[in-house]
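A.B. asks: Here you go, this is work.cif (mmCIF, C-alpha atoms).
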```
data_data
loop_
_atom_site.label_atom_id
_atom_site.label_comp_id
_atom_site.auth_asym_id
_atom_site.auth_seq_id
_atom_site.Cartn_x
_atom_site.Cartn_y
_atom_site.Cartn_z
CA SER L 16 105.69 94.61 112.52
CA GLN L 17 109.31 93.40 112.50
CA PHE L 18 112.00 96.02 111.87
CA TYR L 19 115.09 95.57 109.71
CA MET L 20 118.08 97.83 109.00
CA LEU L 21 120.46 98.03 106.04
CA ASN L 22 123.75 99.92 106.50
CA ALA L 23 124.10 101.62 103.11
CA ARG L 24 127.42 103.20 104.18
CA SER L 25 129.10 99.86 104.74
CA THR L 26 132.35 99.30 102.83
CA ASP L 27 131.56 95.60 102.46
CA LYS L 28 130.98 94.39 98.92
CA VAL L 29 127.76 92.71 100.00
CA LEU L 30 125.27 94.73 102.04
CA GLN L 31 123.42 92.76 104.70
CA TRP L 32 120.04 93.22 106.27
CA VAL L 33 119.96 93.04 110.09
CA ARG L 34 116.84 92.49 112.15
CA VAL L 35 116.62 95.00 115.00
CA GLU L 36 115.03 94.01 118.30
CA CYS L 37 113.00 97.05 119.36
CA GLN L 38 111.54 97.96 122.75
CA GLY L 39 108.03 99.21 123.49
CA VAL L 40 104.74 98.42 121.78
CA PRO L 41 105.17 98.13 117.99
CA PRO L 42 102.55 99.07 115.39
CA SER L 43 100.06 96.42 114.33
CA SER L 44 100.91 94.36 111.26
CA LYS L 45 100.21 96.49 108.19
CA ASP L 46 101.39 97.60 104.77
CA LYS L 47 100.92 100.68 102.55
CA LEU L 48 101.84 103.02 105.43
CA GLY L 49 103.68 106.34 105.20
CA VAL L 50 106.78 107.50 107.06
CA TRP L 51 108.49 110.76 107.97
CA VAL L 52 112.09 111.21 109.18
CA HIS L 53 112.67 113.90 111.84
CA LYS L 54 115.28 114.35 114.59
CA ASN L 55 116.67 110.82 114.40
CA ARG L 56 113.19 109.34 114.55
CA LEU L 57 111.03 107.44 112.10
CA ILE L 58 107.38 108.48 112.35
CA PHE L 59 104.86 106.14 110.74
CA PHE L 60 101.29 107.04 109.79
CA GLY L 61 98.28 105.02 108.66
CA GLY L 62 98.33 101.83 106.62
CA TYR L 63 96.25 98.75 105.86
CA GLY L 64 96.44 95.57 107.90
CA TYR L 65 95.09 93.43 110.70
CA PHE L 66 93.03 94.61 113.67
CA PRO L 67 95.46 95.63 116.46
CA GLU L 68 95.95 93.02 119.17
CA GLY L 69 97.22 95.51 121.74
CA LYS L 70 96.10 98.97 122.77
CA GLN L 71 96.57 101.58 120.03
CA ARG L 72 95.72 105.28 119.92
CA GLY L 73 93.58 106.21 116.95
CA THR L 74 90.91 104.78 114.69
CA PHE L 75 90.67 101.44 112.89
CA GLU L 76 88.08 100.92 110.14
CA PHE L 77 87.37 97.42 108.85
CA ASP L 78 87.49 96.60 105.14
CA GLU L 79 84.36 94.47 104.81
CA THR L 80 85.62 92.78 101.65
CA SER L 81 88.39 91.19 103.71
CA PHE L 82 85.77 89.21 105.69
CA TRP L 83 85.10 87.09 102.63
CA ASN L 84 88.71 86.21 101.98
CA SER L 85 90.84 83.69 103.83
CA GLY L 86 92.65 84.86 106.94
CA LEU L 87 91.84 87.51 109.52
CA PRO L 88 89.81 90.65 108.69
CA ARG L 89 91.81 93.72 107.78
CA GLY L 90 91.24 97.45 107.49
CA TRP L 91 92.59 100.99 107.45
CA ASN L 92 93.95 103.01 110.39
CA ASP L 93 95.12 106.53 111.28
CA HIS L 94 97.67 105.49 113.91
CA VAL L 95 100.90 107.44 114.49
CA HIS L 96 103.91 105.48 115.76
CA VAL L 97 107.41 106.77 116.52
CA LEU L 98 110.62 104.75 116.47
CA ASP L 99 113.59 106.38 118.24
CA LEU L 100 116.67 105.42 116.21
CA GLU L 101 119.04 105.91 119.16
CA THR L 102 117.26 103.59 121.58
CA PHE L 103 115.16 101.62 119.06
CA THR L 104 112.10 102.15 121.23
CA TRP L 105 108.54 102.40 119.94
CA SER L 106 106.12 105.01 121.28
CA GLN L 107 102.77 106.44 120.26
CA PRO L 108 102.23 110.19 120.80
CA ILE L 109 98.94 111.85 121.66
CA THR L 110 98.00 113.97 118.64
CA THR L 111 95.69 117.00 118.56
CA GLY L 112 93.92 118.95 115.83
CA LYS L 113 91.90 117.61 112.91
CA THR L 114 93.13 114.07 112.26
CA PRO L 115 93.04 112.71 108.70
CA SER L 116 90.75 109.76 108.11
CA PRO L 117 92.28 106.26 108.15
CA ARG L 118 94.03 105.51 104.85
CA ALA L 119 96.62 103.47 103.00
CA ALA L 120 98.90 103.94 99.98
CA HIS L 121 99.15 107.66 100.73
CA ALA L 122 102.28 109.77 100.17
CA CYS L 123 104.34 111.46 102.89
CA ALA L 124 107.10 114.08 102.84
CA THR L 125 109.03 116.00 105.51
CA VAL L 126 109.84 119.72 105.33
CA GLY L 127 111.30 121.21 108.50
CA ASN L 128 109.22 120.00 111.42
CA ARG L 129 106.15 119.30 109.29
CA GLY L 130 105.14 115.87 108.08
CA TYR L 131 102.94 116.28 104.99
CA VAL L 132 100.48 113.63 103.78
CA PHE L 133 98.47 113.70 100.56
CA GLY L 134 95.67 111.41 99.43
CA GLY L 135 95.51 107.66 99.77
CA ARG L 136 92.85 104.96 99.60
CA TYR L 137 89.89 104.66 101.98
CA ARG L 138 86.24 103.60 102.11
CA VAL L 139 83.69 106.38 101.60
CA SER L 140 80.39 104.50 102.01
CA PRO L 141 78.82 103.45 105.34
CA ALA L 142 80.18 100.22 106.73
CA LEU L 143 78.56 96.96 105.73
CA PHE L 144 79.48 95.65 109.18
CA HIS L 145 80.38 97.34 112.42
CA LEU L 146 82.34 95.91 115.31
CA CYS L 147 80.41 94.98 118.45
CA LEU L 148 81.86 93.86 121.74
CA SER L 149 79.70 91.43 123.74
CA PRO L 150 79.85 91.33 127.57
CA ASN L 151 82.51 88.62 127.41
CA LEU L 152 84.57 90.84 125.03
CA SER L 153 84.18 88.49 122.08
CA ARG L 154 83.94 90.20 118.70
CA ARG L 155 80.71 90.09 116.72
CA PHE L 156 80.07 91.63 113.31
CA GLU L 157 76.58 92.91 112.55
CA PRO L 158 75.57 93.56 108.91
CA ARG L 159 74.39 96.87 107.52
CA SER L 160 72.70 97.42 104.17
CA ALA L 161 75.01 99.53 102.03
CA LEU L 162 77.13 99.19 98.96
CA LEU L 163 80.85 99.31 99.61
CA GLN L 164 82.65 102.05 97.75
CA GLU L 165 86.28 103.00 97.92
CA SER L 166 87.89 106.30 97.11
CA ARG L 167 91.32 107.64 96.29
CA MET L 168 91.40 110.94 98.14
CA ASN L 169 93.03 114.29 97.40
CA ASP L 170 92.90 115.79 100.88
CA PHE L 171 96.09 117.36 102.23
CA TYR L 172 97.38 117.57 105.82
CA TYR L 173 100.51 118.14 107.82
CA LEU L 174 101.49 116.96 111.28
CA ASN L 175 103.74 119.18 113.42
CA LEU L 176 106.42 116.64 114.38
CA ASP L 177 107.37 118.59 117.52
CA THR L 178 103.92 119.34 118.99
CA TRP L 179 101.96 116.48 117.34
CA GLU L 180 99.21 118.82 116.11
CA TRP L 181 97.39 117.94 112.88
CA ASN L 182 96.41 120.68 110.42
CA GLU L 183 94.31 120.35 107.28
CA ILE L 184 95.59 122.29 104.26
CA LEU L 185 92.85 123.94 102.21
CA THR L 186 94.37 125.27 99.00
CA GLN L 187 93.03 127.76 96.48
CA GLY L 188 92.54 127.06 92.79
CA ILE L 189 93.20 123.79 90.97
CA CYS L 190 94.64 120.77 92.72
CA PRO L 191 95.55 117.14 91.92
CA VAL L 192 92.73 114.60 91.67
CA GLY L 193 92.39 111.89 94.30
CA ARG L 194 94.95 109.10 94.06
CA SER L 195 96.93 106.38 95.80
CA TRP L 196 100.41 104.93 95.21
CA HIS L 197 101.77 108.35 94.18
CA SER L 198 104.99 110.03 95.27
CA LEU L 199 105.44 113.27 97.24
CA THR L 200 108.99 114.64 97.38
CA PRO L 201 110.45 117.81 98.97
CA ILE L 202 112.48 119.69 96.33
CA SER L 203 113.21 122.82 98.40
CA SER L 204 112.34 124.30 101.78
CA ASP L 205 109.22 125.77 100.17
CA HIS L 206 108.12 123.23 97.56
CA LEU L 207 106.80 119.67 97.28
CA PHE L 208 106.68 117.63 94.06
CA LEU L 209 103.79 115.19 93.50
CA PHE L 210 103.79 112.64 90.68
CA GLY L 211 101.66 109.81 89.34
CA GLY L 212 99.47 107.41 91.24
CA PHE L 213 96.28 105.41 90.78
CA THR L 214 92.76 106.89 90.52
CA THR L 215 89.45 105.75 91.98
CA ASP L 216 88.61 104.55 88.45
CA LYS L 217 91.72 102.34 88.61
CA GLN L 218 93.62 104.32 86.01
CA PRO L 219 97.37 105.03 86.35
CA LEU L 220 98.37 108.70 86.28
CA SER L 221 101.27 110.58 84.73
CA ASP L 222 100.53 114.13 85.88
CA ALA L 223 103.02 116.14 87.94
CA TRP L 224 102.32 118.94 90.41
CA ILE L 225 104.34 121.38 92.51
CA TYR L 226 102.94 122.65 95.81
CA CYS L 227 104.28 126.00 97.09
CA ILE L 228 104.14 126.06 100.89
CA SER L 229 104.39 129.86 101.29
CA LYS L 230 101.73 130.55 98.64
CA ASN L 231 99.56 127.55 99.60
CA GLU L 232 98.84 126.64 96.00
CA TRP L 233 99.29 123.81 93.51
CA VAL L 234 100.71 124.36 90.02
CA GLN L 235 100.62 121.60 87.41
CA PHE L 236 104.08 120.83 86.05
CA GLU L 237 104.42 120.11 82.33
CA HIS L 238 106.87 117.35 81.41
CA ASN L 239 107.85 115.08 78.52
CA TYR L 240 106.79 111.77 80.05
CA SER L 241 103.01 112.12 80.12
CA GLU L 242 102.66 108.91 78.08
CA LYS L 243 104.39 106.89 80.79
CA PRO L 244 101.95 106.71 83.73
CA ARG L 245 102.96 104.96 86.94
#
```
For this file, produce the structure as structure tokens.
C.D. replies:
Amino acid sequence: SQFYMLNARSTDKVLQWVRVECQGVPPSSKDKLGVWVHKNRLIFFGGYGYFPEGKQRGTFEFDETSFWNSGLPRGWNDHVHVLDLETFTWSQPITTGKTPSPRAAHACATVGNRGYVFGGRYRVSPALFHLCLSPNLSRRFEPRSALLQESRMNDFYYLNLDTWEWNEILTQGICPVGRSWHSLTPISSDHLFLFGGFTTDKQPLSDAWIYCISKNEWVQFEHNYSEKPR
């Protein structure tokens, strides 16, 4: 959860990374998270990492397969954290609306005051273990009988970055299949461009899509690089 800054406008021949000491409660240690930029703030969503040590708003779901590996158990979360770039202070807003499920390796894009998020990786089967807290607050994991399955999702949401209200986007017609590790890029004030990714069947993708905000529809974009998935 350490934060570093690189001044890309520096006139020095060698650019240097600088560690920034931030105030407030930082996010838990994680990777594969998404980020939006709005009003001189960085707004982080979701990710995959360790169980939070401090108090966090939102949901954390354990990845049971991490119990069998070395180190501490890990999982997915749906936490929203804000870093003010003027004061370098962390905060966590109270969100409303229909919150997306915890996820990692999703794609985020900012258009106006909306932070869009598409897809990502998450567990879809019941948990093999659930977290129990004993009277002395020690953690205990109790087994459940279920097969662990993971999914690359194709759900679509936006977060109002002024009011912190979540909204699910239900589109008409065809849409991209579920995926992780894809890109989502604003190409106008009314369009987002989605490309590539990784399917639930662990296949790399090369398809491209354009989402029209005003029409609320996806259109597949034909291109000359379909044989170069990524």
A.B. asks: Kindly indicate which residue among L:Gln71, L:Thr214, L:Ser43, L:Thr102 lies nearest to Asn169 (chain L), using only C-alpha atoms for the distances.
C.D. replies: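 For Asn169 (chain L), the nearest of the given residues is L:Thr214.
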A.B. asks: Taking all atoms listed in the file into account, which of L:Tyr240, L:Phe103, L:Phe77, L:Phe208 comes nearest Ser221 (chain L)?
C.D. replies: L:Tyr240
A.B. asks: Got a sec to resolve the PyMOL selection byres ((chain L and resi 28-37) around 12) on this structure and send the residues as a ChimeraX atom specification?
C.D. replies: /L:16-27,38-42,97-106
A.B. asks: Starting from the displayed file, determine the output of the PyMOL selection byres ((chain L and resi 175) around 10) and express the residue list as a count of residues only.
C.D. replies: 16
A.B. asks: Residues at most 8 Å from Tyr65 (chain L), counting only C-alpha atoms, excluding those fewer than 6 positions away in the same chain, as a list in words?
C.D. replies: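 Counting only C-alpha atoms, the residues come to Ser43, Ser44, Lys45, Leu87, Pro88, Arg89 and Gly90 of chain L.
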A.B. asks: Name the residues in contact with region 194-197 of chain L at a cut-off of 8 Å, using only C-alpha atoms, excluding same-chain residues fewer than 6 positions from it; report them as a ChimeraX atom specification.
C.D. replies: /L:119-122,134-136,167-169,209-215
A.B. asks: Could you write out the selected residues, including C-alpha atoms, as a PDB file, in the frame of the given file?
C.D. replies:
```pdb
ATOM      1  CA  ALA L 119      96.620 103.470 103.000  1.00  0.00           C
ATOM      2  CA  ALA L 120      98.900 103.940  99.980  1.00  0.00           C
ATOM      3  CA  HIS L 121      99.150 107.660 100.730  1.00  0.00           C
ATOM      4  CA  ALA L 122     102.280 109.770 100.170  1.00  0.00           C
ATOM      5  CA  GLY L 134      95.670 111.410  99.430  1.00  0.00           C
ATOM      6  CA  GLY L 135      95.510 107.660  99.770  1.00  0.00           C
ATOM      7  CA  ARG L 136      92.850 104.960  99.600  1.00  0.00           C
ATOM      8  CA  ARG L 167      91.320 107.640  96.290  1.00  0.00           C
ATOM      9  CA  MET L 168      91.400 110.940  98.140  1.00  0.00           C
ATOM     10  CA  ASN L 169      93.030 114.290  97.400  1.00  0.00           C
ATOM     11  CA  LEU L 209     103.790 115.190  93.500  1.00  0.00           C
ATOM     12  CA  PHE L 210     103.790 112.640  90.680  1.00  0.00           C
ATOM     13  CA  GLY L 211     101.660 109.810  89.340  1.00  0.00           C
ATOM     14  CA  GLY L 212      99.470 107.410  91.240  1.00  0.00           C
ATOM     15  CA  PHE L 213      96.280 105.410  90.780  1.00  0.00           C
ATOM     16  CA  THR L 214      92.760 106.890  90.520  1.00  0.00           C
ATOM     17  CA  THR L 215      89.450 105.750  91.980  1.00  0.00           C
TER      18      THR L 215
END
```
A.B. asks: If you measure from CA of Arg118 (chain L) to CA of Ile202 (chain L), what distance in Å do you get, rounded to one decimal?
C.D. replies: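 Separation of CA of Arg118 (chain L) and CA of Ile202 (chain L): 24.8 Å.
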A.B. asks: Within 12 Å of Ser81 (chain L), counting all atoms listed in the file, which residues show up once you throw out same-chain ones fewer than 2 positions away? Write them as a list in words, please.
C.D. replies: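 Listed by chain and then number, they are Tyr63, Gly64, Tyr65, Phe66, Glu76, Phe77, Asp78, Glu79, Trp83, Asn84, Ser85, Gly86, Leu87, Pro88, Arg89, Gly90, Trp91, Leu143, Phe144 and Leu163 of chain L.
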A.B. asks: Could the residues in this selection be written to a file with C-alpha atoms, as a compact mmCIF listing (two decimals), keeping the file's coordinate frame?
C.D. replies:
```
# COMPACT_ATOMS: atom_id res chain seq x y z
CA TYR L 63 96.25 98.75 105.86
CA GLY L 64 96.44 95.57 107.90
CA TYR L 65 95.09 93.43 110.70
CA PHE L 66 93.03 94.61 113.67
CA GLU L 76 88.08 100.92 110.14
CA PHE L 77 87.37 97.42 108.85
CA ASP L 78 87.49 96.60 105.14
CA GLU L 79 84.36 94.47 104.81
CA TRP L 83 85.10 87.09 102.63
CA ASN L 84 88.71 86.21 101.98
CA SER L 85 90.84 83.69 103.83
CA GLY L 86 92.65 84.86 106.94
CA LEU L 87 91.84 87.51 109.52
CA PRO L 88 89.81 90.65 108.69
CA ARG L 89 91.81 93.72 107.78
CA GLY L 90 91.24 97.45 107.49
CA TRP L 91 92.59 100.99 107.45
CA LEU L 143 78.56 96.96 105.73
CA PHE L 144 79.48 95.65 109.18
CA LEU L 163 80.85 99.31 99.61
```
A.B. asks: Would you save region 67-215 of chain L from the block above with C-alpha atoms, as a PDB file, in the first residue's frame?
C.D. replies:
```pdb
ATOM      1  CA  PRO L  67      -7.456  -5.781   5.673  1.00  0.00           C
ATOM      2  CA  GLU L  68      -5.773  -5.193   9.013  1.00  0.00           C
ATOM      3  CA  GLY L  69      -7.674  -1.985   9.734  1.00  0.00           C
ATOM      4  CA  LYS L  70     -11.300  -0.980   9.347  1.00  0.00           C
ATOM      5  CA  GLN L  71     -12.443  -0.826   5.717  1.00  0.00           C
ATOM      6  CA  ARG L  72     -15.830  -0.044   4.184  1.00  0.00           C
ATOM      7  CA  GLY L  73     -17.038  -2.738   1.828  1.00  0.00           C
ATOM      8  CA  THR L  74     -16.826  -6.479   1.274  1.00  0.00           C
ATOM      9  CA  PHE L  75     -13.867  -8.856   1.323  1.00  0.00           C
ATOM     10  CA  GLU L  76     -14.222 -12.391  -0.082  1.00  0.00           C
ATOM     11  CA  PHE L  77     -11.519 -14.968   0.600  1.00  0.00           C
ATOM     12  CA  ASP L  78      -9.904 -16.938  -2.218  1.00  0.00           C
ATOM     13  CA  GLU L  79      -9.862 -20.417  -0.687  1.00  0.00           C
ATOM     14  CA  THR L  80      -7.051 -21.586  -2.955  1.00  0.00           C
ATOM     15  CA  SER L  81      -4.752 -19.090  -1.238  1.00  0.00           C
ATOM     16  CA  PHE L  82      -5.110 -21.031   2.050  1.00  0.00           C
ATOM     17  CA  TRP L  83      -3.056 -23.849   0.592  1.00  0.00           C
ATOM     18  CA  ASN L  84      -0.187 -21.669  -0.554  1.00  0.00           C
ATOM     19  CA  SER L  85       2.541 -20.153   1.581  1.00  0.00           C
ATOM     20  CA  GLY L  86       1.864 -16.807   3.206  1.00  0.00           C
ATOM     21  CA  LEU L  87      -1.328 -15.168   4.419  1.00  0.00           C
ATOM     22  CA  PRO L  88      -4.742 -15.875   2.848  1.00  0.00           C
ATOM     23  CA  ARG L  89      -5.851 -13.476   0.146  1.00  0.00           C
ATOM     24  CA  GLY L  90      -9.060 -12.549  -1.625  1.00  0.00           C
ATOM     25  CA  TRP L  91     -11.117 -10.072  -3.629  1.00  0.00           C
ATOM     26  CA  ASN L  92     -12.676  -6.810  -2.410  1.00  0.00           C
ATOM     27  CA  ASP L  93     -15.042  -4.050  -3.561  1.00  0.00           C
ATOM     28  CA  HIS L  94     -13.451  -1.236  -1.547  1.00  0.00           C
ATOM     29  CA  VAL L  95     -13.342   2.361  -2.815  1.00  0.00           C
ATOM     30  CA  HIS L  96     -10.421   4.527  -1.670  1.00  0.00           C
ATOM     31  CA  VAL L  97      -9.689   8.153  -2.554  1.00  0.00           C
ATOM     32  CA  LEU L  98      -6.284   9.837  -2.557  1.00  0.00           C
ATOM     33  CA  ASP L  99      -6.363  13.654  -2.602  1.00  0.00           C
ATOM     34  CA  LEU L 100      -3.392  14.734  -4.725  1.00  0.00           C
ATOM     35  CA  GLU L 101      -3.195  18.174  -3.085  1.00  0.00           C
ATOM     36  CA  THR L 102      -2.921  16.967   0.503  1.00  0.00           C
ATOM     37  CA  PHE L 103      -1.911  13.337  -0.188  1.00  0.00           C
ATOM     38  CA  THR L 104      -4.564  12.161   2.259  1.00  0.00           C
ATOM     39  CA  TRP L 105      -6.424   8.862   2.019  1.00  0.00           C
ATOM     40  CA  SER L 106     -10.173   8.652   2.635  1.00  0.00           C
ATOM     41  CA  GLN L 107     -12.920   6.121   2.034  1.00  0.00           C
ATOM     42  CA  PRO L 108     -16.332   7.469   0.945  1.00  0.00           C
ATOM     43  CA  ILE L 109     -19.689   5.959   1.823  1.00  0.00           C
ATOM     44  CA  THR L 110     -21.163   4.673  -1.442  1.00  0.00           C
ATOM     45  CA  THR L 111     -24.830   4.047  -2.247  1.00  0.00           C
ATOM     46  CA  GLY L 112     -26.697   2.178  -4.968  1.00  0.00           C
ATOM     47  CA  LYS L 113     -26.039  -1.317  -6.296  1.00  0.00           C
ATOM     48  CA  THR L 114     -22.389  -2.087  -5.586  1.00  0.00           C
ATOM     49  CA  PRO L 115     -20.481  -4.375  -7.975  1.00  0.00           C
ATOM     50  CA  SER L 116     -19.269  -7.652  -6.523  1.00  0.00           C
ATOM     51  CA  PRO L 117     -15.649  -7.852  -5.326  1.00  0.00           C
ATOM     52  CA  ARG L 118     -13.273  -8.316  -8.268  1.00  0.00           C
ATOM     53  CA  ALA L 119      -9.761  -7.979  -9.624  1.00  0.00           C
ATOM     54  CA  ALA L 120      -8.126  -7.404 -13.024  1.00  0.00           C
ATOM     55  CA  HIS L 121     -11.134  -5.349 -14.135  1.00  0.00           C
ATOM     56  CA  ALA L 122     -10.930  -2.298 -16.407  1.00  0.00           C
ATOM     57  CA  CYS L 123     -11.799   1.278 -15.420  1.00  0.00           C
ATOM     58  CA  ALA L 124     -12.333   4.492 -17.398  1.00  0.00           C
ATOM     59  CA  THR L 125     -13.434   8.030 -16.517  1.00  0.00           C
ATOM     60  CA  VAL L 126     -15.897  10.091 -18.575  1.00  0.00           C
ATOM     61  CA  GLY L 127     -17.047  13.326 -16.954  1.00  0.00           C
ATOM     62  CA  ASN L 128     -17.956  12.561 -13.352  1.00  0.00           C
ATOM     63  CA  ARG L 129     -18.579   8.870 -14.016  1.00  0.00           C
ATOM     64  CA  GLY L 130     -16.121   6.116 -13.217  1.00  0.00           C
ATOM     65  CA  TYR L 131     -16.913   3.116 -15.428  1.00  0.00           C
ATOM     66  CA  VAL L 132     -15.878  -0.454 -14.592  1.00  0.00           C
ATOM     67  CA  PHE L 133     -16.265  -3.510 -16.817  1.00  0.00           C
ATOM     68  CA  GLY L 134     -15.726  -7.173 -15.981  1.00  0.00           C
ATOM     69  CA  GLY L 135     -12.914  -8.657 -13.958  1.00  0.00           C
ATOM     70  CA  ARG L 136     -12.209 -11.922 -12.164  1.00  0.00           C
ATOM     71  CA  TYR L 137     -14.195 -13.261  -9.198  1.00  0.00           C
ATOM     72  CA  ARG L 138     -15.415 -16.491  -7.612  1.00  0.00           C
ATOM     73  CA  VAL L 139     -18.915 -17.607  -8.608  1.00  0.00           C
ATOM     74  CA  SER L 140     -19.358 -20.769  -6.510  1.00  0.00           C
ATOM     75  CA  PRO L 141     -20.207 -20.877  -2.786  1.00  0.00           C
ATOM     76  CA  ALA L 142     -17.224 -20.465  -0.518  1.00  0.00           C
ATOM     77  CA  LEU L 143     -15.292 -23.534   0.548  1.00  0.00           C
ATOM     78  CA  PHE L 144     -14.578 -21.726   3.817  1.00  0.00           C
ATOM     79  CA  HIS L 145     -16.211 -18.827   5.572  1.00  0.00           C
ATOM     80  CA  LEU L 146     -14.689 -16.513   8.131  1.00  0.00           C
ATOM     81  CA  CYS L 147     -15.799 -16.944  11.748  1.00  0.00           C
ATOM     82  CA  LEU L 148     -14.903 -14.721  14.660  1.00  0.00           C
ATOM     83  CA  SER L 149     -14.661 -16.469  18.039  1.00  0.00           C
ATOM     84  CA  PRO L 150     -15.432 -14.602  21.299  1.00  0.00           C
ATOM     85  CA  ASN L 151     -11.754 -13.693  21.662  1.00  0.00           C
ATOM     86  CA  LEU L 152     -11.802 -12.282  18.080  1.00  0.00           C
ATOM     87  CA  SER L 153      -9.428 -14.920  16.736  1.00  0.00           C
ATOM     88  CA  ARG L 154     -10.097 -15.988  13.158  1.00  0.00           C
ATOM     89  CA  ARG L 155     -11.315 -19.497  12.408  1.00  0.00           C
ATOM     90  CA  PHE L 156     -12.066 -20.971   8.990  1.00  0.00           C
ATOM     91  CA  GLU L 157     -14.831 -23.549   8.711  1.00  0.00           C
ATOM     92  CA  PRO L 158     -15.030 -25.776   5.601  1.00  0.00           C
ATOM     93  CA  ARG L 159     -17.974 -26.008   3.239  1.00  0.00           C
ATOM     94  CA  SER L 160     -18.529 -28.682   0.614  1.00  0.00           C
ATOM     95  CA  ALA L 161     -18.399 -27.007  -2.789  1.00  0.00           C
ATOM     96  CA  LEU L 162     -16.203 -26.907  -5.825  1.00  0.00           C
ATOM     97  CA  LEU L 163     -14.388 -23.635  -6.333  1.00  0.00           C
ATOM     98  CA  GLN L 164     -15.112 -21.981  -9.645  1.00  0.00           C
ATOM     99  CA  GLU L 165     -13.895 -18.664 -10.921  1.00  0.00           C
ATOM    100  CA  SER L 166     -15.423 -16.431 -13.534  1.00  0.00           C
ATOM    101  CA  ARG L 167     -14.386 -13.582 -15.767  1.00  0.00           C
ATOM    102  CA  MET L 168     -17.418 -11.316 -15.703  1.00  0.00           C
ATOM    103  CA  ASN L 169     -18.984  -9.018 -18.288  1.00  0.00           C
ATOM    104  CA  ASP L 170     -21.105  -6.886 -15.971  1.00  0.00           C
ATOM    105  CA  PHE L 171     -20.912  -3.117 -16.404  1.00  0.00           C
ATOM    106  CA  TYR L 172     -21.232  -0.343 -13.790  1.00  0.00           C
ATOM    107  CA  TYR L 173     -20.436   3.287 -13.208  1.00  0.00           C
ATOM    108  CA  LEU L 174     -19.799   5.190  -9.995  1.00  0.00           C
ATOM    109  CA  ASN L 175     -20.830   8.862  -9.792  1.00  0.00           C
ATOM    110  CA  LEU L 176     -17.563  10.383  -8.564  1.00  0.00           C
ATOM    111  CA  ASP L 177     -19.349  13.383  -7.023  1.00  0.00           C
ATOM    112  CA  THR L 178     -22.223  11.671  -5.183  1.00  0.00           C
ATOM    113  CA  TRP L 179     -20.636   8.195  -4.763  1.00  0.00           C
ATOM    114  CA  GLU L 180     -23.720   6.411  -6.113  1.00  0.00           C
ATOM    115  CA  TRP L 181     -23.243   3.111  -7.961  1.00  0.00           C
ATOM    116  CA  ASN L 182     -25.367   2.312 -11.027  1.00  0.00           C
ATOM    117  CA  GLU L 183     -25.505  -0.947 -12.977  1.00  0.00           C
ATOM    118  CA  ILE L 184     -25.597  -0.556 -16.767  1.00  0.00           C
ATOM    119  CA  LEU L 185     -27.936  -3.000 -18.508  1.00  0.00           C
ATOM    120  CA  THR L 186     -27.360  -2.768 -22.246  1.00  0.00           C
ATOM    121  CA  GLN L 187     -29.470  -3.983 -25.147  1.00  0.00           C
ATOM    122  CA  GLY L 188     -28.282  -6.379 -27.838  1.00  0.00           C
ATOM    123  CA  ILE L 189     -24.876  -8.034 -28.091  1.00  0.00           C
ATOM    124  CA  CYS L 190     -22.097  -7.312 -25.626  1.00  0.00           C
ATOM    125  CA  PRO L 191     -18.517  -8.441 -24.914  1.00  0.00           C
ATOM    126  CA  VAL L 192     -17.998 -11.805 -23.220  1.00  0.00           C
ATOM    127  CA  GLY L 193     -16.683 -11.942 -19.668  1.00  0.00           C
ATOM    128  CA  ARG L 194     -12.979 -11.178 -19.306  1.00  0.00           C
ATOM    129  CA  SER L 195     -10.142  -9.914 -17.139  1.00  0.00           C
ATOM    130  CA  TRP L 196      -6.911  -8.041 -17.931  1.00  0.00           C
ATOM    131  CA  HIS L 197      -8.626  -6.068 -20.720  1.00  0.00           C
ATOM    132  CA  SER L 198      -8.438  -2.341 -21.431  1.00  0.00           C
ATOM    133  CA  LEU L 199     -11.241   0.242 -21.342  1.00  0.00           C
ATOM    134  CA  THR L 200     -10.398   3.650 -22.801  1.00  0.00           C
ATOM    135  CA  PRO L 201     -12.486   6.828 -23.282  1.00  0.00           C
ATOM    136  CA  ILE L 202     -12.211   7.953 -26.926  1.00  0.00           C
ATOM    137  CA  SER L 203     -14.796  10.764 -26.780  1.00  0.00           C
ATOM    138  CA  SER L 204     -17.283  12.258 -24.333  1.00  0.00           C
ATOM    139  CA  ASP L 205     -19.796   9.651 -25.520  1.00  0.00           C
ATOM    140  CA  HIS L 206     -17.743   6.540 -26.292  1.00  0.00           C
ATOM    141  CA  LEU L 207     -15.578   3.926 -24.566  1.00  0.00           C
ATOM    142  CA  PHE L 208     -13.246   1.496 -26.350  1.00  0.00           C
ATOM    143  CA  LEU L 209     -12.767  -2.023 -24.939  1.00  0.00           C
ATOM    144  CA  PHE L 210     -10.056  -4.369 -26.183  1.00  0.00           C
ATOM    145  CA  GLY L 211      -8.666  -7.824 -25.469  1.00  0.00           C
ATOM    146  CA  GLY L 212      -8.436  -9.631 -22.175  1.00  0.00           C
ATOM    147  CA  PHE L 213      -8.511 -13.159 -20.790  1.00  0.00           C
ATOM    148  CA  THR L 214     -11.577 -15.445 -20.730  1.00  0.00           C
ATOM    149  CA  THR L 215     -12.862 -17.827 -18.067  1.00  0.00           C
TER     150      THR L 215
END
```
